[in-house]
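For reference, the structure discussed in these notes is given below.
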Amino acid sequence: MGLDPAGIVEIRNLLLELVHERGVTVFMSSHILGEVARLAHRIGIIHQGRLLQELDISELERDRRRRLVIRARDNLAACAVLDSTDSPLSWPPMTVLR
């Protein structure tokens, strides 16, 4: 279920109030990293039930500018193609999500 803009602001304010006034730790699940960055101090990136990475917001902002997500039918073949190019970009370390 999605929220309209006013609902997003209301929920965000409620969560911040719980954290700051009551000392509550909030676990949230979202793919909207901009919204997560407004609320969280630390985040964990989970894929298919596995924690891939845990970092603070400053690390997320720094890393966000350095990542490229490529989706392919055959991840290993895509990695091989990328590794065979003379691109000035560096790929490693590469995480293949299954």
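Letters for chains follow the order of the structure tokens (A, B, ...), residue numbers begin at 1 for each chain, and ligand numbers begin at 1 in the order shown.
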Fill in: Within 9 Å of segment 31-47 of chain A using only C-alpha atoms, minus same-chain residues under 4 positions, as number ranges by chain
A: 12, 15-16, 26, 51-58, 60-61, 97-98
Could you take the residues named above and write them with C-alpha atoms, as a compact mmCIF listing (two decimals), in the first residue's frame?
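Once written, part_14.txt looks like this:
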```
# COMPACT_ATOMS: atom_id res chain seq x y z
CA ARG A 12 7.97 10.22 8.84
CA LEU A 15 8.72 7.72 13.37
CA LEU A 16 11.07 10.59 14.21
CA VAL A 26 12.62 1.49 14.29
CA LEU A 51 22.40 -9.22 5.01
CA LEU A 52 24.76 -8.03 2.27
CA GLN A 53 26.00 -4.85 3.88
CA GLU A 54 25.54 -2.71 6.97
CA LEU A 55 26.59 0.93 6.86
CA ASP A 56 25.82 4.38 8.18
CA ILE A 57 24.11 7.07 6.10
CA SER A 58 27.34 8.90 5.22
CA LEU A 60 25.51 5.11 1.85
CA GLU A 61 25.74 8.59 0.32
CA LEU A 97 23.01 -11.51 -6.71
CA ARG A 98 21.14 -14.70 -7.45
```
Practice prompt. Would you please extract all strand (DSSP E or B) residues from segment 30-75 of chain A, as assigned by DSSP on the backbone, and give them as a list in words?
Written response: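 Answer for segment 30-75 of chain A, restricted to strand (DSSP E or B): Arg42, Ile43, Gly44, Ile45, Ile46, His47, Arg50, Leu51, Leu52, Gln53, Glu54, Leu55 and Asp56 of chain A.
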If you keep N, CA and C atoms, can you produce a file of those selected residues as a compact mmCIF listing (two decimals), in the first residue's frame?
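Below you can see out.txt, which holds the result:
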```txt
# COMPACT_ATOMS: atom_id res chain seq x y z
N ARG A 42 21.69 4.22 10.61
CA ARG A 42 22.40 3.05 10.07
C ARG A 42 21.40 2.24 9.25
N ILE A 43 21.89 1.62 8.19
CA ILE A 43 21.02 0.78 7.37
C ILE A 43 21.69 -0.55 7.09
N GLY A 44 20.88 -1.53 6.78
CA GLY A 44 21.36 -2.82 6.32
C GLY A 44 20.73 -3.10 4.96
N ILE A 45 21.52 -3.62 4.05
CA ILE A 45 21.00 -3.98 2.73
C ILE A 45 20.83 -5.49 2.72
N ILE A 46 19.60 -5.92 2.50
CA ILE A 46 19.25 -7.34 2.54
C ILE A 46 18.77 -7.76 1.16
N HIS A 47 19.25 -8.91 0.70
CA HIS A 47 18.79 -9.48 -0.56
C HIS A 47 18.50 -10.94 -0.34
N ARG A 50 19.40 -12.41 3.06
CA ARG A 50 20.80 -12.34 3.52
C ARG A 50 21.22 -10.88 3.68
N LEU A 51 21.86 -10.55 4.79
CA LEU A 51 22.40 -9.22 5.01
C LEU A 51 23.66 -9.09 4.17
N LEU A 52 23.62 -8.22 3.15
CA LEU A 52 24.76 -8.03 2.27
C LEU A 52 25.72 -6.98 2.80
N GLN A 53 25.16 -5.94 3.43
CA GLN A 53 26.00 -4.85 3.88
C GLN A 53 25.28 -4.06 4.96
N GLU A 54 26.07 -3.60 5.94
CA GLU A 54 25.54 -2.71 6.97
C GLU A 54 26.43 -1.47 6.99
N LEU A 55 25.82 -0.29 6.93
CA LEU A 55 26.59 0.93 6.86
C LEU A 55 25.81 2.10 7.43
N ASP A 56 26.53 3.20 7.72
CA ASP A 56 25.82 4.38 8.18
C ASP A 56 25.46 5.25 6.97
```
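Listed by chain and then by rising number, the residues of segment 11-65 of chain A that DSSP assigns to helix (DSSP H, G or I) from the backbone are A:Ile11, A:Arg12, A:Asn13, A:Leu14, A:Leu15, A:Leu16, A:Glu17, A:Leu18, A:Val19, A:His20, A:Glu21, A:Arg22, A:Leu33, A:Gly34, A:Glu35, A:Val36, A:Ala37, A:Arg38, A:Leu39, A:Ile57, A:Ser58, A:Glu59, A:Leu60, A:Glu61, A:Arg62, A:Asp63, A:Arg64.
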Response to the item:
Pairwise distance, atom CA of Met28 of chain A with atom CA of Leu14 of chain A, equals 13.1 Å
Worksheet entry | Distance criterion (only C-alpha atoms): nearest to Gly2 of chain A out of A:Ile70, A:Thr85, A:Asn75, A:Ser30 | A:Ser30
